[in-house]
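Coordinates as given in structure29.cif (mmCIF, C-alpha atoms):
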```cif
data_entry
loop_
_atom_site.group_PDB
_atom_site.id
_atom_site.type_symbol
_atom_site.label_atom_id
_atom_site.label_comp_id
_atom_site.auth_asym_id
_atom_site.auth_seq_id
_atom_site.Cartn_x
_atom_site.Cartn_y
_atom_site.Cartn_z
ATOM 1 C CA MET T 1 -111.705 -12.890 96.751
ATOM 2 C CA ARG T 2 -110.720 -15.273 93.953
ATOM 3 C CA PHE T 3 -113.607 -17.737 94.091
ATOM 4 C CA PHE T 4 -116.531 -16.443 96.172
ATOM 5 C CA THR T 5 -116.506 -12.891 94.911
ATOM 6 C CA PRO T 6 -118.831 -10.077 96.033
ATOM 7 C CA GLU T 7 -119.935 -9.756 92.391
ATOM 8 C CA LEU T 8 -121.018 -13.407 92.290
ATOM 9 C CA VAL T 9 -122.940 -13.032 95.568
ATOM 10 C CA ALA T 10 -124.687 -9.976 94.081
ATOM 11 C CA ARG T 11 -125.560 -11.900 90.897
ATOM 12 C CA PHE T 12 -126.862 -14.776 93.007
ATOM 13 C CA ASN T 13 -129.313 -12.238 94.457
ATOM 14 C CA SER T 14 -130.443 -10.944 91.068
ATOM 15 C CA ALA T 15 -134.166 -10.384 90.599
ATOM 16 C CA ASP T 16 -133.716 -11.661 87.049
ATOM 17 C CA ASP T 17 -134.351 -15.411 86.990
ATOM 18 C CA ALA T 18 -131.959 -16.156 84.139
ATOM 19 C CA GLU T 19 -129.121 -14.271 85.836
ATOM 20 C CA ALA T 20 -129.858 -15.899 89.215
ATOM 21 C CA ASP T 21 -129.871 -19.363 87.592
ATOM 22 C CA GLN T 22 -126.532 -18.640 85.909
ATOM 23 C CA ALA T 23 -125.121 -17.427 89.232
ATOM 24 C CA ASP T 24 -126.311 -20.643 90.899
ATOM 25 C CA GLU T 25 -124.350 -22.665 88.323
ATOM 26 C CA ALA T 26 -121.359 -20.339 88.628
ATOM 27 C CA TRP T 27 -121.395 -20.785 92.417
ATOM 28 C CA GLU T 28 -121.323 -24.583 92.077
ATOM 29 C CA LYS T 29 -118.363 -24.222 89.722
ATOM 30 C CA ALA T 30 -116.644 -21.872 92.190
ATOM 31 C CA ILE T 31 -117.055 -24.450 94.981
ATOM 32 C CA ALA T 32 -115.605 -27.190 92.756
ATOM 33 C CA ALA T 33 -112.709 -24.939 91.686
ATOM 34 C CA TYR T 34 -111.977 -23.968 95.314
ATOM 35 C CA ARG T 35 -111.943 -27.623 96.419
ATOM 36 C CA LYS T 36 -109.512 -28.430 93.591
ATOM 37 C CA HIS T 37 -107.389 -25.439 94.621
ATOM 38 C CA LEU T 38 -107.300 -26.668 98.237
ATOM 39 C CA ASP T 39 -106.399 -30.196 97.122
ATOM 40 C CA SER T 40 -103.488 -28.800 95.097
ATOM 41 C CA MET T 41 -102.016 -27.013 98.119
ATOM 42 C CA ARG T 42 -102.945 -29.519 100.848
ATOM 43 C CA ASP T 43 -99.441 -31.010 101.149
ATOM 44 C CA ARG T 44 -98.025 -27.510 101.748
ATOM 45 C CA MET T 45 -100.501 -26.763 104.551
ATOM 46 C CA PRO T 46 -99.635 -27.380 108.182
ATOM 47 C CA SER T 47 -102.410 -28.991 110.210
ATOM 48 C CA GLN T 48 -103.647 -25.702 111.713
ATOM 49 C CA VAL T 49 -104.036 -24.156 108.238
ATOM 50 C CA ARG T 50 -105.862 -27.284 107.088
ATOM 51 C CA LYS T 51 -108.191 -26.874 110.057
ATOM 52 C CA LEU T 52 -108.840 -23.270 109.010
ATOM 53 C CA THR T 53 -109.907 -24.474 105.549
ATOM 54 C CA GLU T 54 -112.453 -26.788 107.178
ATOM 55 C CA LEU T 55 -114.009 -24.117 109.372
ATOM 56 C CA CYS T 56 -117.473 -22.789 108.498
ATOM 57 C CA LEU T 57 -118.052 -19.350 110.018
ATOM 58 C CA HIS T 58 -120.922 -18.380 107.719
ATOM 59 C CA ASP T 59 -123.347 -16.056 109.538
ATOM 60 C CA ALA T 60 -121.110 -15.647 112.610
ATOM 61 C CA ASP T 61 -121.239 -12.122 114.092
ATOM 62 C CA LEU T 62 -117.979 -10.217 113.771
ATOM 63 C CA LEU T 63 -116.973 -9.056 117.247
ATOM 64 C CA ALA T 64 -113.452 -7.773 116.762
ATOM 65 C CA CYS T 65 -110.727 -7.548 114.179
ATOM 66 C CA ASP T 66 -107.407 -6.214 115.466
ATOM 67 C CA GLN T 67 -103.772 -6.368 114.542
ATOM 68 C CA GLU T 68 -100.755 -5.665 116.692
ATOM 69 C CA VAL T 69 -97.558 -4.745 114.888
ATOM 70 C CA GLY T 70 -94.293 -4.978 116.804
ATOM 71 C CA PRO T 71 -91.319 -2.666 116.343
ATOM 72 C CA HIS T 72 -88.723 -3.338 113.651
ATOM 73 C CA PHE T 73 -85.497 -4.878 114.906
ATOM 74 C CA PRO T 74 -82.479 -4.441 112.667
ATOM 75 C CA PHE T 75 -80.989 -7.823 111.814
ATOM 76 C CA PRO T 76 -77.297 -7.833 112.782
ATOM 77 C CA PHE T 77 -76.101 -9.387 109.523
ATOM 78 C CA GLU T 78 -76.551 -8.189 105.970
ATOM 79 C CA PRO T 79 -78.377 -8.840 103.646
ATOM 80 C CA PHE T 80 -81.313 -9.809 105.887
ATOM 81 C CA PRO T 81 -84.119 -7.273 106.270
ATOM 82 C CA PRO T 82 -85.143 -5.891 109.658
ATOM 83 C CA PHE T 83 -86.913 -8.377 111.904
ATOM 84 C CA TRP T 84 -90.665 -7.688 112.074
ATOM 85 C CA THR T 85 -93.460 -9.307 114.049
ATOM 86 C CA ALA T 86 -97.190 -8.830 113.924
ATOM 87 C CA MET T 87 -100.287 -10.702 114.894
ATOM 88 C CA ALA T 88 -103.966 -10.338 114.242
ATOM 89 C CA ILE T 89 -106.999 -11.543 116.115
ATOM 90 C CA VAL T 90 -110.389 -11.927 114.502
ATOM 91 C CA SER T 91 -113.193 -12.894 116.891
ATOM 92 C CA VAL T 92 -116.687 -13.948 115.908
ATOM 93 C CA LYS T 93 -119.729 -15.182 117.790
ATOM 94 C CA GLN T 94 -121.200 -18.310 116.273
ATOM 95 C CA GLU T 95 -124.274 -19.709 117.981
ATOM 96 C CA ASP T 96 -123.176 -20.603 121.525
ATOM 97 C CA GLN T 97 -119.471 -20.009 121.192
ATOM 98 C CA ILE T 98 -116.881 -17.373 120.453
ATOM 99 C CA VAL T 99 -114.318 -18.370 117.854
ATOM 100 C CA SER T 100 -111.049 -16.450 117.772
ATOM 101 C CA LEU T 101 -108.609 -16.779 114.902
ATOM 102 C CA ILE T 102 -105.156 -15.783 116.094
ATOM 103 C CA TYR T 103 -102.744 -15.230 113.216
ATOM 104 C CA LEU T 104 -99.009 -14.739 113.092
ATOM 105 C CA LEU T 105 -98.676 -12.306 110.185
ATOM 106 C CA TRP T 106 -96.032 -11.980 107.482
ATOM 107 C CA ASP T 107 -97.430 -8.621 106.367
ATOM 108 C CA ARG T 108 -100.074 -6.148 107.463
ATOM 109 C CA MET T 109 -103.730 -7.164 107.305
ATOM 110 C CA ARG T 110 -105.573 -5.394 104.482
ATOM 111 C CA GLU T 111 -109.179 -4.332 104.304
ATOM 112 C CA TYR T 112 -110.891 -3.625 100.983
ATOM 113 C CA PRO T 113 -114.040 -1.467 101.083
ATOM 114 C CA ALA T 114 -117.402 -2.587 99.736
ATOM 115 C CA SER T 115 -118.109 -1.809 96.115
ATOM 116 C CA GLU T 116 -120.474 1.100 95.539
ATOM 117 C CA ASP T 117 -123.218 -1.185 94.294
ATOM 118 C CA TRP T 118 -123.125 -3.507 97.344
ATOM 119 C CA SER T 119 -126.844 -3.595 98.078
ATOM 120 C CA PHE T 120 -126.978 -5.481 101.369
ATOM 121 C CA SER T 121 -127.284 -4.165 104.898
ATOM 122 C CA LYS T 122 -124.165 -2.752 106.539
ATOM 123 C CA ALA T 123 -125.643 -3.182 110.033
ATOM 124 C CA GLY T 124 -124.634 -6.052 112.320
ATOM 125 C CA THR T 125 -121.604 -7.216 110.347
ATOM 126 C CA HIS T 126 -121.307 -10.960 109.990
ATOM 127 C CA TRP T 127 -119.092 -13.415 108.144
ATOM 128 C CA LEU T 128 -120.256 -14.514 104.690
ATOM 129 C CA TYR T 129 -117.632 -16.550 102.812
ATOM 130 C CA ASP T 130 -113.909 -17.088 103.074
ATOM 131 C CA GLU T 131 -111.072 -18.746 101.230
ATOM 132 C CA VAL T 132 -107.489 -19.752 101.976
ATOM 133 C CA ASP T 133 -104.714 -19.259 99.451
ATOM 134 C CA VAL T 134 -100.950 -19.696 99.281
ATOM 135 C CA ALA T 135 -98.767 -16.627 98.989
ATOM 136 C CA GLY T 136 -95.742 -16.373 96.725
ATOM 137 C CA HIS T 137 -93.190 -17.681 99.207
ATOM 138 C CA ARG T 138 -93.009 -20.984 101.029
ATOM 139 C CA GLY T 139 -94.968 -21.290 104.262
ATOM 140 C CA ALA T 140 -96.939 -18.086 103.711
ATOM 141 C CA PHE T 141 -100.709 -18.044 103.296
ATOM 142 C CA LEU T 142 -103.571 -15.636 102.686
ATOM 143 C CA HIS T 143 -106.981 -15.822 104.327
ATOM 144 C CA ARG T 144 -109.648 -13.721 102.620
ATOM 145 C CA ALA T 145 -113.093 -13.152 104.105
ATOM 146 C CA LEU T 146 -116.114 -11.466 102.578
ATOM 147 C CA LEU T 147 -118.201 -9.736 105.237
ATOM 148 C CA SER T 148 -121.917 -8.956 105.100
ATOM 149 C CA ASP T 149 -121.233 -5.217 104.769
ATOM 150 C CA GLY T 150 -119.314 -5.898 101.554
ATOM 151 C CA ARG T 151 -115.812 -5.418 102.989
ATOM 152 C CA VAL T 152 -113.146 -7.985 102.218
ATOM 153 C CA LEU T 153 -110.451 -8.792 104.767
ATOM 154 C CA GLU T 154 -107.152 -10.154 103.505
ATOM 155 C CA ILE T 155 -104.950 -11.642 106.184
ATOM 156 C CA PRO T 156 -101.374 -12.573 105.175
ATOM 157 C CA PHE T 157 -100.353 -15.200 107.720
ATOM 158 C CA LEU T 158 -97.700 -17.757 108.522
ATOM 159 C CA THR T 159 -99.718 -19.750 111.003
ATOM 160 C CA VAL T 160 -103.052 -19.549 112.758
ATOM 161 C CA PHE T 161 -104.486 -20.788 116.017
ATOM 162 C CA ILE T 162 -108.210 -21.369 116.320
ATOM 163 C CA HIS T 163 -109.602 -20.831 119.792
ATOM 164 C CA GLU T 164 -113.185 -21.801 120.582
ATOM 165 C CA LEU T 165 -114.781 -20.540 123.771
ATOM 166 C CA PRO T 166 -118.215 -21.957 124.613
ATOM 167 C CA LEU T 167 -120.557 -19.416 126.161
ATOM 168 C CA MET T 168 -121.927 -20.430 129.540
ATOM 169 C CA PRO T 169 -125.657 -21.125 129.585
ATOM 170 C CA LYS T 170 -125.997 -19.335 132.941
ATOM 171 C CA ALA T 171 -127.182 -15.746 132.586
ATOM 172 C CA GLY T 172 -124.406 -13.313 133.367
ATOM 173 C CA ALA T 173 -121.712 -15.979 133.382
ATOM 174 C CA LEU T 174 -119.986 -14.265 130.491
ATOM 175 C CA LYS T 175 -120.813 -10.900 129.002
ATOM 176 C CA VAL T 176 -120.307 -10.696 125.268
ATOM 177 C CA ARG T 177 -120.381 -7.564 123.172
ATOM 178 C CA THR T 178 -122.529 -8.430 120.159
ATOM 179 C CA SER T 179 -122.196 -5.245 118.162
ATOM 180 C CA ALA T 180 -119.645 -5.191 115.405
ATOM 181 C CA MET Q 1 -165.973 -45.728 117.719
ATOM 182 C CA GLY Q 2 -163.937 -44.540 114.781
ATOM 183 C CA LYS Q 3 -160.464 -43.154 115.301
ATOM 184 C CA LYS Q 4 -159.945 -39.413 114.884
ATOM 185 C CA LYS Q 5 -158.719 -38.780 111.383
ATOM 186 C CA LYS Q 6 -155.360 -37.012 111.025
ATOM 187 C CA PRO Q 7 -155.895 -33.739 109.096
ATOM 188 C CA PRO Q 8 -154.612 -34.070 105.529
ATOM 189 C CA PRO Q 9 -151.457 -32.145 104.604
ATOM 190 C CA PRO Q 10 -152.012 -28.810 102.861
ATOM 191 C CA SER Q 11 -152.996 -29.473 99.264
ATOM 192 C CA GLN Q 12 -150.676 -28.225 96.522
ATOM 193 C CA PRO Q 13 -151.184 -28.223 92.775
ATOM 194 C CA ALA Q 14 -149.157 -31.028 91.163
ATOM 195 C CA GLY Q 15 -145.609 -29.929 90.318
ATOM 196 C CA SER Q 16 -145.643 -26.810 92.480
ATOM 197 C CA PRO Q 17 -143.098 -26.457 95.261
ATOM 198 C CA GLN Q 18 -143.944 -27.780 98.716
ATOM 199 C CA ILE Q 19 -143.016 -26.153 102.003
ATOM 200 C CA HIS Q 20 -141.713 -28.250 104.879
ATOM 201 C CA GLU Q 21 -140.574 -27.688 108.425
ATOM 202 C CA ALA Q 22 -136.769 -27.994 108.395
ATOM 203 C CA THR Q 23 -133.891 -28.872 110.683
ATOM 204 C CA LEU Q 24 -130.321 -27.811 109.933
ATOM 205 C CA ARG Q 25 -127.902 -30.637 110.781
ATOM 206 C CA ALA Q 26 -124.373 -30.151 112.074
ATOM 207 C CA ASN Q 27 -122.940 -31.381 108.742
ATOM 208 C CA GLY Q 28 -124.824 -28.632 106.864
ATOM 209 C CA ALA Q 29 -127.515 -30.934 105.491
ATOM 210 C CA VAL Q 30 -131.162 -29.953 105.850
ATOM 211 C CA THR Q 31 -133.742 -32.471 107.013
ATOM 212 C CA LYS Q 32 -137.318 -31.812 105.965
ATOM 213 C CA GLY Q 33 -140.224 -32.446 108.303
ATOM 214 C CA ALA Q 34 -143.976 -32.119 107.935
ATOM 215 C CA VAL Q 35 -145.535 -30.329 104.983
ATOM 216 C CA ILE Q 36 -146.827 -26.930 106.102
ATOM 217 C CA THR Q 37 -148.726 -24.030 104.602
ATOM 218 C CA GLN Q 38 -147.115 -20.739 103.592
ATOM 219 C CA ALA Q 39 -148.764 -19.047 106.591
ATOM 220 C CA GLN Q 40 -147.335 -21.687 108.943
ATOM 221 C CA ALA Q 41 -143.931 -21.264 107.305
ATOM 222 C CA GLU Q 42 -144.029 -17.499 107.875
ATOM 223 C CA ALA Q 43 -144.934 -18.041 111.530
ATOM 224 C CA ARG Q 44 -141.981 -20.421 111.946
ATOM 225 C CA ARG Q 45 -139.638 -17.917 110.326
ATOM 226 C CA LYS Q 46 -140.861 -15.105 112.557
ATOM 227 C CA ALA Q 47 -139.995 -17.364 115.489
ATOM 228 C CA GLY Q 48 -136.474 -17.951 114.123
ATOM 229 C CA GLN Q 49 -137.122 -21.541 113.031
ATOM 230 C CA ASP Q 50 -136.098 -23.096 109.720
ATOM 231 C CA VAL Q 51 -138.272 -24.056 106.755
ATOM 232 C CA VAL Q 52 -137.411 -25.529 103.360
ATOM 233 C CA VAL Q 53 -139.064 -25.198 99.955
ATOM 234 C CA CYS Q 54 -138.809 -28.406 97.925
ATOM 235 C CA GLY Q 55 -139.511 -29.046 94.281
ATOM 236 C CA LYS Q 56 -137.999 -29.591 90.868
ATOM 237 C CA ASP Q 57 -138.224 -26.022 89.579
ATOM 238 C CA LEU Q 58 -135.355 -23.900 90.881
ATOM 239 C CA ALA Q 59 -136.960 -20.551 89.997
ATOM 240 C CA ALA Q 60 -140.288 -21.542 91.565
ATOM 241 C CA ASN Q 61 -138.544 -22.729 94.761
ATOM 242 C CA ARG Q 62 -136.503 -19.532 94.932
ATOM 243 C CA HIS Q 63 -139.550 -17.293 94.407
ATOM 244 C CA LEU Q 64 -141.623 -19.012 97.070
ATOM 245 C CA ALA Q 65 -138.749 -19.055 99.568
ATOM 246 C CA GLY Q 66 -138.219 -15.330 98.983
ATOM 247 C CA GLN Q 67 -141.917 -14.595 99.475
ATOM 248 C CA ILE Q 68 -141.925 -16.482 102.800
ATOM 249 C CA GLU Q 69 -138.877 -14.632 104.127
ATOM 250 C CA GLN Q 70 -140.137 -11.227 102.937
ATOM 251 C CA ALA Q 71 -143.561 -11.754 104.490
ATOM 252 C CA ALA Q 72 -142.096 -13.047 107.755
ATOM 253 C CA ASN Q 73 -139.250 -10.612 108.301
ATOM 254 C CA GLY Q 74 -139.672 -7.721 105.876
ATOM 255 C CA THR Q 75 -136.241 -8.187 104.304
ATOM 256 C CA ALA Q 76 -134.591 -11.098 102.563
ATOM 257 C CA LYS Q 77 -131.074 -11.803 101.413
ATOM 258 C CA ARG Q 78 -130.271 -14.867 99.305
ATOM 259 C CA CYS Q 79 -127.148 -16.748 100.428
ATOM 260 C CA PRO Q 80 -125.480 -19.420 98.298
ATOM 261 C CA PRO Q 81 -124.330 -22.553 100.140
ATOM 262 C CA HIS Q 82 -121.089 -22.223 102.066
ATOM 263 C CA PRO Q 83 -118.347 -24.399 100.584
ATOM 264 C CA ASN Q 84 -117.444 -25.774 104.015
ATOM 265 C CA ALA Q 85 -121.030 -26.507 105.019
ATOM 266 C CA GLY Q 86 -120.906 -29.784 103.098
ATOM 267 C CA ALA Q 87 -122.151 -31.154 99.804
ATOM 268 C CA HIS Q 88 -125.733 -31.149 101.054
ATOM 269 C CA ALA Q 89 -125.881 -27.532 102.243
ATOM 270 C CA LEU Q 90 -128.764 -25.618 100.654
ATOM 271 C CA PRO Q 91 -129.003 -22.016 99.482
ATOM 272 C CA HIS Q 92 -131.313 -19.985 101.630
ATOM 273 C CA TYR Q 93 -132.916 -16.673 102.422
ATOM 274 C CA GLN Q 94 -132.329 -14.900 105.690
ATOM 275 C CA PRO Q 95 -133.248 -11.450 107.039
ATOM 276 C CA ASP Q 96 -130.889 -8.629 106.098
ATOM 277 C CA PRO Q 97 -129.818 -7.657 108.674
ATOM 278 C CA ARG Q 98 -130.504 -10.325 111.269
ATOM 279 C CA PRO Q 99 -132.273 -11.074 113.672
ATOM 280 C CA PRO Q 100 -134.276 -13.285 113.762
ATOM 281 C CA SER Q 101 -132.120 -16.337 113.301
ATOM 282 C CA GLY Q 102 -133.001 -19.268 111.067
ATOM 283 C CA HIS Q 103 -133.283 -19.746 107.320
ATOM 284 C CA THR Q 104 -135.723 -20.288 104.497
ATOM 285 C CA PHE Q 105 -133.869 -22.972 102.541
ATOM 286 C CA TYR Q 106 -134.732 -24.016 99.002
ATOM 287 C CA GLU Q 107 -133.795 -26.954 96.827
ATOM 288 C CA THR Q 108 -131.846 -26.678 93.582
ATOM 289 C CA PRO Q 109 -131.298 -29.258 90.824
ATOM 290 C CA ASN Q 110 -128.023 -30.253 92.556
ATOM 291 C CA ARG Q 111 -128.914 -29.894 96.219
ATOM 292 C CA LYS Q 112 -131.813 -31.531 98.020
ATOM 293 C CA ALA Q 113 -133.190 -31.721 101.539
ATOM 294 C CA PHE Q 114 -133.383 -35.174 103.154
#
```

Starting from the file, lay out its structure as structure tokens.
Amino acid sequence: MRFFTPELVARFNSADDAEADQADEAWEKAIAAYRKHLDSMRDRMPSQVRKLTELCLHDADLLACDQEVGPHFPFPFEPFPPFWTAMAIVSVKQEDQIVSLIYLLWDRMREYPASEDWSFSKAGTHWLYDEVDVAGHRGAFLHRALLSDGRVLEIPFLTVFIHELPLMPKAGALKVRTSA
Amino acid sequence: MGKKKKPPPPSQPAGSPQIHEATLRANGAVTKGAVITQAQAEARRKAGQDVVVCGKDLAANRHLAGQIEQAANGTAKRCPPHPNAGAHALPHYQPDPRPPSGHTFYETPNRKAF
């Protein structure tokens, strides 16, 4: 995470008033810096990526996080590298709907473990904060998400589709697995 | 016949934070309702409903909000406002881990309930 780091979240939770106050100010600055960062890359973002930056999944339960990597196909002409396809699906339950983020990847999804001093519960993983970034090459993006168990997901993607499935109010109309 | 008098709101020392019923709006803003006591706030939190602590002193708001969440749910995690939840989103306490749902919001110098 570049802006909403696990360390800043931990400082925000400090029992020391002075440190917690400083973290509150630092968080406001991080929000302002992130908004400026998004503004600077907005003209390079397709509409679906822009929509991702406007999504608020805070507190949504993580249901699934999978990636499917296709086989390598040799490209018939040099100097192009082998053709490679992969996609990832991250599904969360947010209030009365399931939101699935379906990514077309340009590299494998990475998962960074929680730091040793992450002091929050690792049960019932939910989404805390996320940020969208541009990668080095044109049309490539990174989506990073800090989870409640302290893990950070980094998803290198070319495009993303956001699918929202409302849960039926009728009992038994749709069974949802709520454990992470 | 005289009309029944409405009970006065819970008295608070001047300058100390006040606790209100709260409603989280779709745009992330928090609307404050009636003034309630700490005991009433804990009961609302146990039931998964929202409350908000309002006042000028950030540390005092934060302390009281933490006490409410701890007393109601035994655990409390402090969450800064989500950047996409809007300019009026408030920091809050919530159980760690959930359930119950809901939040104990608190005001800061920059962020206020409506």

Q: Would you mind reading off the distance between atom CA of T:Val134 and atom CA of T:Val49, one decimal, in Å?
A: 10.5 Å

Q | Distance in Å - atom CA of T:Ser14 versus atom CA of Q:His63 | A |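 Going from atom CA of T:Ser14 over to atom CA of Q:His63 covers 11.6 Å.
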
Q. Using all atoms listed in the file, which of the listed residues (Q:Asn110, Q:Gln18, Q:Gln94, Q:Thr75) sits closest to Q:Val52?
A.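 Ranking Q:Asn110, Q:Gln18, Q:Gln94, Q:Thr75 by distance to Q:Val52, first place goes to Q:Gln18.
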
Q: Please provide as a list of chain:residue names all residues within 12 Å of T:Lys29, with the sequence filter that same-chain residues fewer than 4 positions apart are discarded (counting only C-alpha atoms).
A: T:Phe3, T:Phe4, T:Leu8, T:Gln22, T:Ala23, T:Asp24, T:Glu25, T:Ala33, T:Tyr34, T:Arg35, T:Lys36, Q:Pro83, Q:Asn110

Q: Compile the residues of chain T that lie within 9 Å of chain Q, evaluated using only C-alpha atoms, and express the compilation as a PyMOL selection string.
A: chain T and resi 9+12-13+17-18+20-21+24+27-28+30-32+34-35+53-58+120-125+128-130+148

Q: Identify, on the basis of all atoms listed in the file, every residue whose closest approach to T:Ser115 does not exceed 9 Å; exclude the query and any residue fewer than 6 positions from it along the same chain; express the result as a PyMOL selection string.
A: chain T and resi 6-7+150-151

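Shortest separation to T:Asp59 among T:Ala114, T:Ile162, T:Ile155, T:Val92 occurs at residue T:Val92, atoms counted being only C-alpha atoms.
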
**Q.** For atom CA of T:Ser91 and atom CA of T:Gln67, the interatomic separation in Å (one decimal)
**A.**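 Atom-to-atom, atom CA of T:Ser91 to atom CA of T:Gln67, that is 11.7 Å.
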
Q: Identify the residues within 7 Å of coordinate (-134.7, -27.0, 99.5) (same frame as the file), considering all atoms listed in the file, and give the answer as a ChimeraX atom specification.
A: /Q:52-54,90,105-108,112-113

Would you write out those residues with C-alpha atoms, as a compact mmCIF listing (two decimals), in the coordinates of the input?
```txt
# COMPACT_ATOMS: atom_id res chain seq x y z
CA VAL Q 52 -137.41 -25.53 103.36
CA VAL Q 53 -139.06 -25.20 99.96
CA CYS Q 54 -138.81 -28.41 97.92
CA LEU Q 90 -128.76 -25.62 100.65
CA PHE Q 105 -133.87 -22.97 102.54
CA TYR Q 106 -134.73 -24.02 99.00
CA GLU Q 107 -133.79 -26.95 96.83
CA THR Q 108 -131.85 -26.68 93.58
CA LYS Q 112 -131.81 -31.53 98.02
CA ALA Q 113 -133.19 -31.72 101.54
```

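Protein, DNA and RNA residues at most 10 Å from (-115.5, -23.8, 125.2), with all atoms listed in the file, are these: Asp96, Gln97, Ile98, Val99, His163, Glu164, Leu165, Pro166, Leu167 and Met168 of chain T.
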
Filtering to C-alpha atoms, could you give me those residues as a compact mmCIF listing (two decimals), in the coordinates of the input?
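Now in out_25.txt:
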```txt
# COMPACT_ATOMS: atom_id res chain seq x y z
CA ASP T 96 -123.18 -20.60 121.52
CA GLN T 97 -119.47 -20.01 121.19
CA ILE T 98 -116.88 -17.37 120.45
CA VAL T 99 -114.32 -18.37 117.85
CA HIS T 163 -109.60 -20.83 119.79
CA GLU T 164 -113.18 -21.80 120.58
CA LEU T 165 -114.78 -20.54 123.77
CA PRO T 166 -118.22 -21.96 124.61
CA LEU T 167 -120.56 -19.42 126.16
CA MET T 168 -121.93 -20.43 129.54
```

Q. Expanded to explicit residues, what is the PyMOL selection byres ((chain T and resi 161) around 6) for this file, as a list in words?
A. Leu101, Ile102, Val160 and Ile162 of chain T
